[in-house]
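Enquirer: Okay, here's the structure, questions in a sec.
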Amino acid sequence: MRGILKEIAKIFETLPGLGPRSARRITITLAQQKDETTDLLIRLLTRLQNSIKKCSICNNFSEHEICYICSDMNRDHSQICIVSDIADLWAIERMGQYEGIYHVLGGTLSITTITHDDLDFDALETRLSDNLDHLECIIAMNPTIQGQATIHYLQNLLQKYNNITISTLALGIPMGAELDYLDSGTIAMAMASRKEL
């Protein structure tokens with residue numbers, strides 16, 4: 001593989017879950033189907049680049065200032081599920097049972113790389129401070145060391161609010177697993193049997 005095909009394959013290699021072989025196969029497929037698939041992909045990627053932004057409330061991806069979840073008045077706005085990234089939000093949405101809203105932090109705390117300043121705790125606190133009604137904050141972090149550190153930090157952060165109940169996903173999600181890779185049934189069971197911290 002040479003030239004532009006090699007350059008495109010190298011880009012695909014940088015995407016999560018794709019290795020060199022998968023990247024080459026995708027590049028070859030796109031080159032073979034350039035009239036249909038490639039044209040559509042170019043249009044969609046251009047739209048992605050020009051139209052997609054983060055929701056001004058929860059940080060989910062949206063084509064509008066406020067995402068479809070935050071703007072849906074039929075959802076339970078007394079439940080805020082705090083997730084580390086958008087992939088986790090989408091994983092919970094896939095199960096089709098959670099009807100609350102979200103807050104996406106943008107990662108988890110790490111001793112060496114990610115600190116409080118890198119994550120969106122301030123916007124979360126603003127949301128909570130502006131709300132006088134009772135809220136349940138469901139902390140849905142991956143069961144990793146970084147996820148546990150973030151849960152602990154959030155627990156300390158949220159305890160000062162008298163109108164907030166803090167809960168976390170129940171045990172049963174295997175340690176080291178990532179929400180985006182779990183099946184909907186496992187996530188649904190963990191969400192249904194969450195416990196107060």
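Here's how to read the names in the structure tokens: chain A, B, ... by the order shown, residue numbers from 1 in each chain, ligand numbers from 1 in the order shown.
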Which polymer residues have any atom within 9 Å of an atom of A:Leu89, counting only C-alpha atoms, with same-chain residues fewer than 4 positions away left out, as a PDB file with C-alpha atoms, in the first residue's frame?
Expert:
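Output contents, as saved in out-v1.pdb:
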ATOM      1  CA  ASN A  60     -23.021  15.187  25.086  1.00  0.00           C
ATOM      2  CA  CYS A  81     -26.188  10.220  35.728  1.00  0.00           C
ATOM      3  CA  ILE A  82     -22.531  11.287  35.886  1.00  0.00           C
ATOM      4  CA  VAL A  83     -20.369   9.464  33.339  1.00  0.00           C
ATOM      5  CA  SER A  84     -16.741   9.807  32.350  1.00  0.00           C
ATOM      6  CA  ASP A  85     -17.248  10.100  28.589  1.00  0.00           C
ATOM      7  CA  GLU A  93     -28.873   4.925  26.531  1.00  0.00           C
ATOM      8  CA  ARG A  94     -28.608   1.665  24.527  1.00  0.00           C
ATOM      9  CA  TYR A 102     -26.572  13.105  32.220  1.00  0.00           C
ATOM     10  CA  HIS A 103     -23.380  14.964  32.954  1.00  0.00           C
ATOM     11  CA  VAL A 104     -20.249  13.982  31.006  1.00  0.00           C
ATOM     12  CA  LEU A 179     -19.267   0.321  30.062  1.00  0.00           C
ATOM     13  CA  ASP A 180     -19.120   0.750  26.298  1.00  0.00           C
TER      14      ASP A 180
END
Enquirer: For A:Phe61, list every protein, DNA or RNA residue within 8 Å, evaluated using only C-alpha atoms, and leave out those in the same chain fewer than 5 positions away; present the list as a VMD selection string.
Expert: chain A and resid 52 to 55 67 86
Enquirer: Can I get the selected residues back with C-alpha atoms, as a short mmCIF file (atom, residue, chain, number, x, y, z; two decimals), in the first residue's frame?
Expert:
data_model
loop_
_atom_site.label_atom_id
_atom_site.label_comp_id
_atom_site.auth_asym_id
_atom_site.auth_seq_id
_atom_site.Cartn_x
_atom_site.Cartn_y
_atom_site.Cartn_z
CA ILE A 52 -21.38 18.65 15.93
CA LYS A 53 -20.61 20.46 19.18
CA LYS A 54 -20.92 19.68 22.86
CA CYS A 55 -24.23 20.27 24.65
CA CYS A 67 -28.78 18.02 23.17
CA ILE A 86 -19.83 10.15 25.81
#
Enquirer: For a test of reading the model, state the distance in Å between atom CA of A:Leu105 and atom CA of A:Asp118, rounded to one decimal.
Expert: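 Taking atom CA of A:Leu105 as the start and atom CA of A:Asp118 as the end point, the length is 8.9 Å.
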Enquirer: From a backbone DSSP assignment, name each residue in stretch 29-165 of chain A labelled strand (DSSP E), as a list of chain:residue names.
Expert: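 Residues meeting the strand (DSSP E) criterion: A:Lys53, A:Lys54, A:Phe61, A:Ser62, A:Asp76, A:His77, A:Ser78, A:Gln79, A:Ile80, A:Cys81, A:Ile82, A:Val83, A:Gly100, A:Ile101, A:Tyr102, A:His103, A:Val104, A:Leu135, A:Glu136, A:Cys137, A:Ile138, A:Ile139, A:Ala140, A:Ile164, A:Thr165.
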Enquirer: Pick from A:Cys58, A:Ala87, A:Ile151, A:Leu169: nearest to A:Pro16, with only C-alpha atoms counted?
Expert: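 Looking at the shortest contact to A:Pro16, the residue is A:Ala87.
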Enquirer: Could you list, as a list in words, every residue within 12 Å of A:Glu196, counting only C-alpha atoms and ignoring same-chain residues fewer than 5 positions away?
Expert: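 Surrounding residues, per the criterion: Glu136, Cys137, Ile138, Ile139, Gln155, Gln159, Ile164, Thr165, Ile166, Ser167, Thr168, Leu169, Ala170 and Met191 of chain A.
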Enquirer: Based on DSSP run over this structure's backbone, return all residues of stretch 50-138 of chain A in helix (DSSP H, G or I), as an MDAnalysis selection string.
Expert: chainID A and resid 50:51 86:95 116:118 121:130
Enquirer: Atom CA of A:Thr144 and atom CA of A:Ser110 are how many Å apart?
Expert: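 Atom-to-atom, atom CA of A:Thr144 and atom CA of A:Ser110 are spaced 10.7 Å apart.
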Enquirer: Just checking: using only C-alpha atoms, which residue out of A:Leu132, A:Gly106, A:Met95, A:Ala149 ends up closest to A:Thr186?
Expert: A:Met95
Enquirer: Tell me, as a PyMOL selection string, which residues lie within 12 Å of A:Tyr181, counting only C-alpha atoms; anything in the same chain fewer than 2 positions away does not count.
Expert: chain A and resi 17+87-88+90-92+94+142+173-174+176-179+183-187
Enquirer: Which of these residues is nearest to A:Ile69, using only C-alpha atoms: A:Ser51, A:Tyr98, A:Leu45, A:Thr112?
Expert: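 Closest candidate: A:Tyr98.
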Enquirer: For a quick check of understanding, using only C-alpha atoms, which of A:Gln146, A:Leu128, A:Ala192, A:Asp39 has the smallest distance to A:Gln97?
Expert: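 Among the listed residues, the smallest separation from A:Gln97 belongs to A:Ala192.
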Enquirer: Pick from A:Ala140, A:Leu135, A:Leu119, A:Leu109: nearest to A:Lys195, with only C-alpha atoms counted?
Expert: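 Smallest distance to A:Lys195 is found for A:Ala140.
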Enquirer: Work out how far atom CA of A:Glu13 is from atom CA of A:Gln32, in Å to one decimal.
Expert: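 Answer for the atom CA of A:Gln32 to atom CA of A:Glu13 separation: 19.0 Å.
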